[in-house]
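Participant: For reference, the file my_file.pdb (PDB, C-alpha atoms) is included below:
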MODEL        1
ATOM      1  CA  MET A   1    -164.929 -82.165 -29.669
ATOM      2  CA  LEU A   2    -164.134 -85.661 -28.441
ATOM      3  CA  ALA A   3    -160.478 -84.729 -27.873
ATOM      4  CA  ARG A   4    -161.452 -81.632 -25.902
ATOM      5  CA  SER A   5    -163.890 -83.600 -23.739
ATOM      6  CA  CYS A   6    -161.117 -86.130 -22.933
ATOM      7  CA  VAL A   7    -158.534 -83.455 -22.146
ATOM      8  CA  ARG A   8    -160.772 -81.556 -19.702
ATOM      9  CA  PRO A   9    -161.139 -84.437 -17.142
ATOM     10  CA  MET A  10    -157.411 -85.072 -17.310
ATOM     11  CA  ARG A  11    -156.682 -81.422 -16.510
ATOM     12  CA  ALA A  12    -159.163 -81.503 -13.645
ATOM     13  CA  PHE A  13    -157.530 -84.657 -12.232
ATOM     14  CA  ALA A  14    -154.053 -83.124 -12.510
ATOM     15  CA  SER A  15    -155.155 -79.946 -10.745
ATOM     16  CA  ALA A  16    -156.809 -81.962  -7.975
ATOM     17  CA  ARG A  17    -153.672 -84.065  -7.528
ATOM     18  CA  ASN A  18    -151.466 -80.950  -7.376
ATOM     19  CA  GLY A  19    -153.801 -79.472  -4.788
ATOM     20  CA  ALA A  20    -153.620 -82.633  -2.663
ATOM     21  CA  VAL A  21    -149.836 -82.631  -2.884
ATOM     22  CA  GLN A  22    -149.702 -79.001  -1.814
ATOM     23  CA  ILE A  23    -152.035 -79.702   1.125
ATOM     24  CA  THR A  24    -149.859 -82.642   2.176
ATOM     25  CA  LYS A  25    -146.713 -80.521   1.943
ATOM     26  CA  ARG A  26    -148.327 -77.777   4.023
ATOM     27  CA  ALA A  27    -149.438 -80.324   6.611
ATOM     28  CA  ALA A  28    -145.968 -81.839   6.760
ATOM     29  CA  SER A  29    -144.350 -78.439   7.038
ATOM     30  CA  SER A  30    -146.790 -77.430   9.770
ATOM     31  CA  SER A  31    -146.192 -80.691  11.692
ATOM     32  CA  SER A  32    -142.438 -80.394  11.341
ATOM     33  CA  GLY A  33    -142.642 -76.823  12.446
ATOM     34  CA  SER A  34    -144.715 -77.739  15.483
ATOM     35  CA  SER A  35    -142.349 -80.599  16.389
ATOM     36  CA  ALA A  36    -139.403 -78.344  16.011
ATOM     37  CA  GLU A  37    -141.087 -75.803  18.192
ATOM     38  CA  SER A  38    -141.881 -78.328  21.018
ATOM     39  CA  PRO A  39    -139.214 -81.103  21.278
ATOM     40  CA  LEU A  40    -140.092 -81.626  24.938
ATOM     41  CA  ARG A  41    -143.546 -82.857  23.945
ATOM     42  CA  LEU A  42    -142.026 -85.530  21.677
ATOM     43  CA  ASN A  43    -139.644 -86.679  24.403
ATOM     44  CA  ILE A  44    -142.503 -87.010  26.873
ATOM     45  CA  ALA A  45    -144.554 -88.988  24.347
ATOM     46  CA  ALA A  46    -141.649 -91.352  23.590
ATOM     47  CA  ALA A  47    -140.966 -91.925  27.302
ATOM     48  CA  ALA A  48    -144.651 -92.599  27.963
ATOM     49  CA  ALA A  49    -144.858 -95.082  25.065
ATOM     50  CA  THR A  50    -141.735 -96.880  26.286
ATOM     51  CA  ALA A  51    -143.087 -97.060  29.831
ATOM     52  CA  VAL A  52    -146.413 -98.443  28.608
ATOM     53  CA  ALA A  53    -144.694-101.079  26.445
ATOM     54  CA  ALA A  54    -142.335-102.155  29.251
ATOM     55  CA  GLY A  55    -145.193-102.243  31.736
ATOM     56  CA  SER A  56    -147.297-104.364  29.387
ATOM     57  CA  VAL A  57    -144.461-106.864  28.928
ATOM     58  CA  GLY A  58    -143.829-107.005  32.665
ATOM     59  CA  TRP A  59    -147.477-107.519  33.488
ATOM     60  CA  TYR A  60    -147.831-110.251  30.857
ATOM     61  CA  TYR A  61    -144.765-112.068  32.247
ATOM     62  CA  HIS A  62    -146.171-111.680  35.749
ATOM     63  CA  LEU A  63    -149.391-113.374  34.670
ATOM     64  CA  TYR A  64    -148.140-116.033  32.229
ATOM     65  CA  GLY A  65    -144.343-116.056  32.373
ATOM     66  CA  ASN A  66    -143.991-118.729  35.051
ATOM     67  CA  SER A  67    -146.607-121.082  33.635
ATOM     68  CA  HIS A  68    -145.616-124.552  32.461
ATOM     69  CA  ALA A  69    -147.198-127.021  30.102
ATOM     70  CA  MET A  70    -147.601-129.422  33.006
ATOM     71  CA  THR A  71    -147.503-129.180  36.751
ATOM     72  CA  PRO A  72    -144.465-130.650  38.558
ATOM     73  CA  ALA A  73    -146.549-133.680  39.533
ATOM     74  CA  GLU A  74    -147.584-134.275  35.920
ATOM     75  CA  GLU A  75    -144.121-133.630  34.524
ATOM     76  CA  GLY A  76    -142.283-135.775  37.051
ATOM     77  CA  LEU A  77    -139.290-135.065  39.241
ATOM     78  CA  HIS A  78    -136.256-133.961  37.258
ATOM     79  CA  PRO A  79    -133.604-136.725  37.436
ATOM     80  CA  THR A  80    -130.231-136.137  39.009
ATOM     81  CA  LYS A  81    -127.274-135.721  36.651
ATOM     82  CA  TYR A  82    -124.910-138.672  37.033
ATOM     83  CA  PRO A  83    -121.313-138.825  35.736
ATOM     84  CA  TRP A  84    -121.713-141.559  33.130
ATOM     85  CA  VAL A  85    -118.260-142.537  31.924
ATOM     86  CA  HIS A  86    -119.377-143.694  28.487
ATOM     87  CA  GLU A  87    -120.838-140.255  27.731
ATOM     88  CA  GLN A  88    -117.415-138.606  27.880
ATOM     89  CA  TRP A  89    -115.734-137.754  24.584
ATOM     90  CA  LEU A  90    -112.702-140.007  25.021
ATOM     91  CA  LYS A  91    -114.421-142.899  26.806
ATOM     92  CA  THR A  92    -116.215-145.985  25.498
ATOM     93  CA  PHE A  93    -118.781-148.400  26.828
ATOM     94  CA  ASP A  94    -117.783-150.694  29.653
ATOM     95  CA  HIS A  95    -118.319-154.036  27.930
ATOM     96  CA  GLN A  96    -118.436-155.926  31.207
ATOM     97  CA  ALA A  97    -121.254-153.611  32.285
ATOM     98  CA  LEU A  98    -122.979-154.202  28.935
ATOM     99  CA  ARG A  99    -122.782-157.959  29.468
ATOM    100  CA  ARG A 100    -124.209-157.639  32.974
ATOM    101  CA  GLY A 101    -126.923-155.270  31.741
ATOM    102  CA  PHE A 102    -127.923-157.711  29.021
ATOM    103  CA  GLN A 103    -128.191-160.411  31.676
ATOM    104  CA  VAL A 104    -130.484-158.173  33.742
ATOM    105  CA  TYR A 105    -132.609-157.501  30.675
ATOM    106  CA  ARG A 106    -132.927-161.201  29.835
ATOM    107  CA  GLU A 107    -133.747-162.337  33.365
ATOM    108  CA  VAL A 108    -135.899-159.382  34.487
ATOM    109  CA  CYS A 109    -137.000-156.984  31.759
ATOM    110  CA  SER A 110    -137.566-159.315  28.793
ATOM    111  CA  SER A 111    -140.695-160.793  30.375
ATOM    112  CA  CYS A 112    -142.576-157.533  29.577
ATOM    113  CA  HIS A 113    -140.405-155.302  27.378
ATOM    114  CA  SER A 114    -139.067-155.973  23.901
ATOM    115  CA  LEU A 115    -135.944-154.980  21.989
ATOM    116  CA  SER A 116    -137.381-155.185  18.506
ATOM    117  CA  ARG A 117    -134.623-153.123  16.866
ATOM    118  CA  VAL A 118    -131.654-155.122  18.178
ATOM    119  CA  PRO A 119    -130.490-158.124  16.084
ATOM    120  CA  TYR A 120    -128.388-160.938  17.461
ATOM    121  CA  ARG A 121    -125.492-160.030  15.203
ATOM    122  CA  SER A 122    -125.071-156.667  16.922
ATOM    123  CA  LEU A 123    -124.380-158.476  20.197
ATOM    124  CA  VAL A 124    -121.304-160.151  18.721
ATOM    125  CA  GLY A 125    -118.053-158.496  19.741
ATOM    126  CA  SER A 126    -119.675-156.110  22.216
ATOM    127  CA  ILE A 127    -121.583-158.359  24.607
ATOM    128  CA  LEU A 128    -121.423-161.960  23.416
ATOM    129  CA  THR A 129    -119.133-164.149  21.372
ATOM    130  CA  VAL A 130    -120.212-165.604  18.042
ATOM    131  CA  ASP A 131    -120.986-168.997  19.559
ATOM    132  CA  GLU A 132    -122.936-167.472  22.440
ATOM    133  CA  ALA A 133    -124.994-165.306  20.087
ATOM    134  CA  LYS A 134    -125.750-168.254  17.802
ATOM    135  CA  ALA A 135    -126.793-170.425  20.739
ATOM    136  CA  LEU A 136    -129.009-167.631  22.056
ATOM    137  CA  ALA A 137    -130.639-167.138  18.651
ATOM    138  CA  GLU A 138    -131.327-170.866  18.262
ATOM    139  CA  GLU A 139    -133.310-170.872  21.501
ATOM    140  CA  ASN A 140    -136.162-169.094  19.667
ATOM    141  CA  GLU A 141    -138.122-170.017  16.568
ATOM    142  CA  TYR A 142    -138.920-167.743  13.653
ATOM    143  CA  ASP A 143    -141.063-168.007  10.530
ATOM    144  CA  ALA A 144    -139.281-169.629   7.605
ATOM    145  CA  GLU A 145    -139.944-169.126   3.907
ATOM    146  CA  PRO A 146    -143.160-170.709   2.579
ATOM    147  CA  ASN A 147    -142.701-174.241   1.264
ATOM    148  CA  ASP A 148    -144.129-175.681  -1.961
ATOM    149  CA  GLN A 149    -147.582-175.988  -0.403
ATOM    150  CA  GLY A 150    -147.475-172.374   0.809
ATOM    151  CA  GLU A 151    -147.200-173.342   4.449
ATOM    152  CA  ILE A 152    -144.917-171.336   6.702
ATOM    153  CA  GLU A 153    -142.798-173.525   8.911
ATOM    154  CA  LYS A 154    -140.723-172.606  11.920
ATOM    155  CA  ARG A 155    -136.940-172.552  11.964
ATOM    156  CA  PRO A 156    -134.323-171.926  14.647
ATOM    157  CA  GLY A 157    -133.139-168.350  14.943
ATOM    158  CA  LYS A 158    -129.940-167.092  13.385
ATOM    159  CA  LEU A 159    -127.716-164.048  13.818
ATOM    160  CA  ALA A 160    -129.672-162.000  11.269
ATOM    161  CA  ASP A 161    -132.876-162.270  13.316
ATOM    162  CA  TYR A 162    -134.000-159.708  15.879
ATOM    163  CA  LEU A 163    -134.652-160.303  19.542
ATOM    164  CA  PRO A 164    -138.213-161.613  19.945
ATOM    165  CA  SER A 165    -141.033-159.780  21.668
ATOM    166  CA  PRO A 166    -142.577-161.362  24.776
ATOM    167  CA  TYR A 167    -146.075-160.847  23.316
ATOM    168  CA  PRO A 168    -147.420-161.621  19.835
ATOM    169  CA  ASN A 169    -149.188-158.237  19.548
ATOM    170  CA  ASP A 170    -150.131-155.110  21.510
ATOM    171  CA  GLU A 171    -153.543-156.457  22.506
ATOM    172  CA  ALA A 172    -151.960-159.464  24.185
ATOM    173  CA  ALA A 173    -149.486-157.187  25.947
ATOM    174  CA  ARG A 174    -152.277-154.964  27.286
ATOM    175  CA  PHE A 175    -154.320-157.969  28.397
ATOM    176  CA  ALA A 176    -151.367-159.376  30.351
ATOM    177  CA  ASN A 177    -150.598-156.031  32.056
ATOM    178  CA  ASN A 178    -154.064-154.818  33.113
ATOM    179  CA  GLY A 179    -154.458-152.535  30.112
ATOM    180  CA  ALA A 180    -150.949-151.011  30.214
ATOM    181  CA  LEU A 181    -148.709-151.425  27.165
ATOM    182  CA  PRO A 182    -145.034-152.026  28.063
ATOM    183  CA  PRO A 183    -142.951-149.860  25.721
ATOM    184  CA  ASP A 184    -140.188-151.169  23.515
ATOM    185  CA  LEU A 185    -136.771-150.422  25.051
ATOM    186  CA  SER A 186    -134.706-150.249  21.868
ATOM    187  CA  LEU A 187    -134.634-146.434  21.769
ATOM    188  CA  MET A 188    -135.825-145.676  25.284
ATOM    189  CA  VAL A 189    -132.667-143.744  26.219
ATOM    190  CA  LYS A 190    -133.183-141.436  23.234
ATOM    191  CA  ALA A 191    -136.945-141.215  23.668
ATOM    192  CA  ARG A 192    -136.962-139.877  27.222
ATOM    193  CA  HIS A 193    -135.807-136.505  28.458
ATOM    194  CA  GLY A 194    -132.784-137.098  30.670
ATOM    195  CA  GLY A 195    -131.694-140.292  28.916
ATOM    196  CA  CYS A 196    -129.655-142.528  31.195
ATOM    197  CA  ASP A 197    -130.310-140.306  34.217
ATOM    198  CA  TYR A 198    -134.060-140.718  33.815
ATOM    199  CA  ILE A 199    -133.978-144.510  33.443
ATOM    200  CA  PHE A 200    -131.612-144.998  36.383
ATOM    201  CA  SER A 201    -133.647-142.642  38.573
ATOM    202  CA  LEU A 202    -136.874-144.374  37.555
ATOM    203  CA  LEU A 203    -135.567-147.853  38.373
ATOM    204  CA  THR A 204    -134.200-146.783  41.744
ATOM    205  CA  GLY A 205    -136.897-144.231  42.632
ATOM    206  CA  TYR A 206    -139.575-146.503  44.107
ATOM    207  CA  PRO A 207    -140.172-145.563  47.766
ATOM    208  CA  ASP A 208    -141.298-148.117  50.314
ATOM    209  CA  GLU A 209    -144.522-146.166  50.774
ATOM    210  CA  PRO A 210    -146.029-143.224  48.867
ATOM    211  CA  PRO A 211    -145.495-139.887  50.623
ATOM    212  CA  ALA A 212    -148.293-138.283  52.551
ATOM    213  CA  GLY A 213    -150.829-136.613  50.303
ATOM    214  CA  ALA A 214    -149.806-138.501  47.160
ATOM    215  CA  GLN A 215    -152.725-139.924  45.218
ATOM    216  CA  VAL A 216    -152.013-143.060  43.198
ATOM    217  CA  GLY A 217    -154.644-144.651  40.996
ATOM    218  CA  ALA A 218    -155.767-148.231  41.205
ATOM    219  CA  GLY A 219    -153.216-150.652  39.809
ATOM    220  CA  LEU A 220    -150.464-147.974  39.744
ATOM    221  CA  TYR A 221    -147.317-147.532  41.784
ATOM    222  CA  PHE A 222    -145.842-144.271  43.004
ATOM    223  CA  ASN A 223    -142.646-143.099  41.342
ATOM    224  CA  PRO A 224    -141.775-139.385  41.488
ATOM    225  CA  TYR A 225    -139.691-139.526  38.287
ATOM    226  CA  PHE A 226    -142.518-140.847  36.126
ATOM    227  CA  PRO A 227    -144.843-138.225  34.574
ATOM    228  CA  GLY A 228    -147.962-138.202  36.707
ATOM    229  CA  THR A 229    -146.095-140.064  39.493
ATOM    230  CA  GLY A 230    -148.291-143.118  38.850
ATOM    231  CA  ILE A 231    -146.642-145.928  36.869
ATOM    232  CA  ALA A 232    -148.094-149.340  35.994
ATOM    233  CA  MET A 233    -144.731-151.076  36.421
ATOM    234  CA  ALA A 234    -143.972-152.161  39.952
ATOM    235  CA  ARG A 235    -140.494-152.201  41.397
ATOM    236  CA  VAL A 236    -138.566-155.012  39.704
ATOM    237  CA  LEU A 237    -134.984-154.657  40.958
ATOM    238  CA  TYR A 238    -134.069-155.973  44.384
ATOM    239  CA  ASN A 239    -130.736-156.805  45.945
ATOM    240  CA  GLY A 240    -129.475-160.209  44.853
ATOM    241  CA  LEU A 241    -132.132-160.663  42.177
ATOM    242  CA  VAL A 242    -129.590-161.923  39.614
ATOM    243  CA  GLU A 243    -126.259-163.661  39.998
ATOM    244  CA  TYR A 244    -123.539-162.091  37.891
ATOM    245  CA  GLU A 245    -121.036-164.455  36.331
ATOM    246  CA  ASP A 246    -118.165-162.106  37.228
ATOM    247  CA  GLU A 247    -119.293-162.160  40.897
ATOM    248  CA  THR A 248    -120.167-158.455  40.957
ATOM    249  CA  PRO A 249    -122.525-157.688  43.880
ATOM    250  CA  ALA A 250    -126.012-157.488  42.375
ATOM    251  CA  THR A 251    -127.347-154.537  44.311
ATOM    252  CA  THR A 252    -130.324-152.530  43.117
ATOM    253  CA  SER A 253    -128.207-149.578  42.037
ATOM    254  CA  GLN A 254    -125.638-151.848  40.330
ATOM    255  CA  MET A 255    -128.293-153.668  38.312
ATOM    256  CA  ALA A 256    -129.990-150.362  37.416
ATOM    257  CA  LYS A 257    -126.665-148.909  36.299
ATOM    258  CA  ASP A 258    -125.787-151.952  34.184
ATOM    259  CA  VAL A 259    -129.144-152.248  32.438
ATOM    260  CA  THR A 260    -129.214-148.475  31.823
ATOM    261  CA  GLU A 261    -125.823-148.601  30.124
ATOM    262  CA  PHE A 262    -126.964-151.599  28.107
ATOM    263  CA  LEU A 263    -130.081-149.720  26.959
ATOM    264  CA  HIS A 264    -127.888-146.800  25.924
ATOM    265  CA  TRP A 265    -125.812-149.203  23.859
ATOM    266  CA  ALA A 266    -129.008-150.673  22.345
ATOM    267  CA  ALA A 267    -130.109-147.186  21.257
ATOM    268  CA  GLU A 268    -126.644-146.195  20.009
ATOM    269  CA  PRO A 269    -124.496-149.277  19.276
ATOM    270  CA  GLU A 270    -122.232-147.333  16.908
ATOM    271  CA  MET A 271    -121.132-144.820  19.554
ATOM    272  CA  ASP A 272    -117.662-146.323  20.085
ATOM    273  CA  ASP A 273    -116.976-146.460  16.352
ATOM    274  CA  ARG A 274    -118.232-142.909  15.906
ATOM    275  CA  LYS A 275    -115.954-141.614  18.663
ATOM    276  CA  ARG A 276    -112.998-143.499  17.174
ATOM    277  CA  MET A 277    -113.691-142.104  13.725
ATOM    278  CA  GLY A 278    -114.161-138.610  15.133
ATOM    279  CA  MET A 279    -110.775-138.785  16.877
ATOM    280  CA  LYS A 280    -109.125-139.886  13.632
ATOM    281  CA  VAL A 281    -110.765-137.020  11.755
ATOM    282  CA  LEU A 282    -109.613-134.477  14.360
ATOM    283  CA  VAL A 283    -106.023-135.758  14.315
ATOM    284  CA  ILE A 284    -105.792-135.852  10.514
ATOM    285  CA  THR A 285    -107.399-132.450  10.011
ATOM    286  CA  SER A 286    -105.119-130.922  12.667
ATOM    287  CA  VAL A 287    -102.032-132.256  10.889
ATOM    288  CA  LEU A 288    -103.292-131.097   7.507
ATOM    289  CA  PHE A 289    -104.126-127.660   8.905
ATOM    290  CA  ALA A 290    -100.634-127.292  10.399
ATOM    291  CA  MET A 291     -99.061-128.354   7.109
ATOM    292  CA  SER A 292    -101.219-125.941   5.131
ATOM    293  CA  VAL A 293    -100.237-123.071   7.431
ATOM    294  CA  TRP A 294     -96.536-123.921   7.032
ATOM    295  CA  VAL A 295     -96.801-124.235   3.243
ATOM    296  CA  LYS A 296     -98.680-120.955   3.036
ATOM    297  CA  ARG A 297     -96.047-119.136   5.067
ATOM    298  CA  TYR A 298     -93.231-120.739   3.032
ATOM    299  CA  LYS A 299     -94.754-120.042  -0.383
ATOM    300  CA  TRP A 300     -95.689-116.451   0.399
ATOM    301  CA  ALA A 301     -92.599-115.564   2.414
ATOM    302  CA  TRP A 302     -91.006-113.718  -0.542
ATOM    303  CA  LEU A 303     -94.055-111.500  -0.902
ATOM    304  CA  LYS A 304     -94.585-110.798   2.789
ATOM    305  CA  SER A 305     -90.856-110.063   3.363
ATOM    306  CA  ARG A 306     -90.577-107.769   0.346
ATOM    307  CA  LYS A 307     -89.866-104.119   1.103
ATOM    308  CA  ILE A 308     -90.839-101.376  -1.312
ATOM    309  CA  VAL A 309     -88.658 -98.250  -1.032
ATOM    310  CA  TYR A 310     -89.003 -95.083  -3.062
ATOM    311  CA  ASP A 311     -85.619 -93.801  -4.211
ATOM    312  CA  PRO A 312     -86.090 -90.274  -5.555
ATOM    313  CA  PRO A 313     -83.549 -88.945  -8.066
ATOM    314  CA  LYS A 314     -80.780 -86.848  -6.604
ATOM    315  CA  GLU A 315     -80.082 -83.264  -7.600
ATOM    316  CA  GLY A 316     -78.049 -82.870 -10.753
ATOM    317  CA  GLN A 317     -78.850 -86.371 -11.980
ATOM    318  CA  THR A 318     -82.024 -85.419 -13.785
ATOM    319  CA  LYS A 319     -81.725 -86.184 -17.452
ATOM    320  CA  ILE A 320     -82.821 -83.617 -19.914
ATOM    321  CA  ARG A 321     -84.614 -85.024 -22.850
ATOM    322  CA  ASP A 322     -84.564 -83.322 -26.239
TER     323      ASP A 322
ENDMDL
END
Could you rewrite the structure in this file as structure tokens?
Facilitator:
Amino acid sequence: MLARSCVRPMRAFASARNGAVQITKRAASSSSGSSAESPLRLNIAAAAATAVAAGSVGWYYHLYGNSHAMTPAEEGLHPTKYPWVHEQWLKTFDHQALRRGFQVYREVCSSCHSLSRVPYRSLVGSILTVDEAKALAEENEYDAEPNDQGEIEKRPGKLADYLPSPYPNDEAARFANNGALPPDLSLMVKARHGGCDYIFSLLTGYPDEPPAGAQVGAGLYFNPYFPGTGIAMARVLYNGLVEYEDETPATTSQMAKDVTEFLHWAAEPEMDDRKRMGMKVLVITSVLFAMSVWVKRYKWAWLKSRKIVYDPPKEGQTKIRD
């Protein structure tokens, strides 16, 4: 009795499932028959769906496609693209320009901005000689190792030390600049969109007077290349501000160009070595590739020049086997 009672629900479930399958098949056959009978209706539906989708995309782009994260005033004027020689593949830094740019940084920029990631030793061979770098490092004092009493004494700087910051901490820097924090310039070229073009345009983009309608906050100066057009740094480069040792005219654009190239070197001091190594790699790999092609053609010449010919037996030459 128990077996019969278990078999009956299973049979009922199987019959119900077969009935559902048959209904589905009939529905599919009826729908396929109706679609086969009216293909024009399907074409009209597909065209209408495509038109609705395209219209929706077009309307969305019309409403939100031209929006930006910031307005042009907040984003800043896009800098002009300048033909920097050191950015070309086969060119290096102009070391005279680097030396002049470092002079501009020391005499103008170092009073507010730091180069905390640049050690004195990296200046040797690119900007300064060993004696000049040592003398420059000894002008500043750094913390020495604790003595026997645990007191930290001061010592003259050495080549392994990094260029000092003009302020002991960020709070002192903000207090000296009316609440504005001067950024570190070690990676400024890499940290700003436009790189060298942005820094050069910023340094040379101070107008004599703000344009009509421009609103500049208290304690700020108008610069169209700075985001928000209001910058806490006033114009710092003027004609004849520094006196170059190579007697190059110290115009505003010349000083801006030199210090911009120096800041690019500070952010990427290995660029010349990387370009040199890249050229060596390209030359060596080109030679090895040419040799590999020649060896491949030489080693496989017997196979590629081989000709396979079918020589059928002639009449009367067929051998008869027993």
Participant: Quick one, how far is atom CA of Thr229 of chain A from atom CA of Gly76 of chain A?
Facilitator: 6.2 Å
Participant: Please evaluate the PyMOL selection byres ((chain A and resi 232) around 7) against the structure above and give the resulting residues as a PyMOL selection string.
Facilitator: chain A and resi 180+219-221+230-231+233-234
Participant: Can I get the selection written as a PDB file, in the frame of the given file, with C-alpha atoms?
Facilitator:
ATOM      1  CA  ALA A 180    -150.949-151.011  30.214  1.00  0.00           C
ATOM      2  CA  GLY A 219    -153.216-150.652  39.809  1.00  0.00           C
ATOM      3  CA  LEU A 220    -150.464-147.974  39.744  1.00  0.00           C
ATOM      4  CA  TYR A 221    -147.317-147.532  41.784  1.00  0.00           C
ATOM      5  CA  GLY A 230    -148.291-143.118  38.850  1.00  0.00           C
ATOM      6  CA  ILE A 231    -146.642-145.928  36.869  1.00  0.00           C
ATOM      7  CA  MET A 233    -144.731-151.076  36.421  1.00  0.00           C
ATOM      8  CA  ALA A 234    -143.972-152.161  39.952  1.00  0.00           C
TER       9      ALA A 234
END
Participant: Any idea what's packed within 12 Å of Val242 of chain A, counting only C-alpha atoms, ignoring anything in its chain fewer than 3 positions away? Could you give it as a list of chain:residue names?
Facilitator: A:Arg100, A:Gly101, A:Phe102, A:Gln103, A:Val104, A:Tyr105, A:Arg106, A:Glu107, A:Val108, A:Cys109, A:Val236, A:Leu237, A:Tyr238, A:Asn239, A:Glu245, A:Asp246, A:Glu247, A:Thr248, A:Pro249, A:Ala250, A:Thr251, A:Thr252, A:Gln254, A:Met255, A:Ala256, A:Asp258
Participant: Could you tell me, as a PyMOL selection string, exactly which residues end up selected when the PyMOL selection byres ((chain A and resi 202) around 10) is applied to this structure?
Facilitator: chain A and resi 77+79+196-201+203-206+223-226+231+235+256
Participant: If you count all atoms listed in the file, which residues fall within 7 Å of Pro166 of chain A, apart from same-chain ones fewer than 6 positions away, as a VMD selection string?
Facilitator: chain A and resid 110 to 114
Participant: Between atom CA of Asn169 of chain A and atom CA of Pro182 of chain A, what is the distance, to one decimal in Å?
Facilitator: 11.3 Å
Participant: What's around Val124 of chain A at 12 Å? Count only C-alpha atoms, leave out sequence neighbours fewer than 4 positions away in its own chain, and write the answer as a list in words.
Facilitator: His95, Leu98, Arg99, Val118, Pro119, Tyr120, Leu128, Thr129, Val130, Asp131, Glu132, Ala133, Lys134, Ala135, Leu136, Ala137, Leu159, Ala160 and Pro269 of chain A
Participant: For a quick check of understanding, using all atoms listed in the file, which of A:Ser305, A:Ser116, A:Thr260, A:Ser286 has the smallest distance to Asp161 of chain A?
Facilitator: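 Nearest to Asp161 of chain A: A:Ser116.
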Participant: For a test of reading the model, state the distance in Å between atom CA of Tyr82 of chain A and atom CA of Ser253 of chain A, rounded to one decimal.
Facilitator: 12.4 Å
Participant: May I have the residues within 12 Å of Trp265 of chain A as a ChimeraX atom specification, using only C-alpha atoms and disregarding those fewer than 2 positions away in the same chain?
Facilitator: /A:86-87,92-95,97-99,101-102,115,117-118,122-123,126-127,185-190,195-196,258-263,267-273
Participant: Could you check which of A:Gln88, A:Glu209, A:Asn140, A:Pro168 is closest to Arg155 of chain A, using only C-alpha atoms?
Facilitator: A:Asn140
Participant: Between A:Arg121, A:His78, A:Arg192, A:Arg41, which residue has the minimum interatomic distance to His264 of chain A, considering all atoms listed in the file?
Facilitator: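 Among A:Arg121, A:His78, A:Arg192, A:Arg41, it is A:Arg192 that comes nearest to His264 of chain A.
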Participant: Could you tell me which of A:Pro146, A:Glu138, A:Arg174, A:Val216 comes closest to Tyr162 of chain A if we count all atoms listed in the file?
Facilitator: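 Ranked by minimum distance to Tyr162 of chain A, first place goes to A:Glu138.
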Participant: Under the rule that only C-alpha atoms are counted, which of A:Lys154, A:Asp208, A:Ala46, A:Tyr244 is the nearest residue to Gln96 of chain A?
Facilitator: A:Tyr244
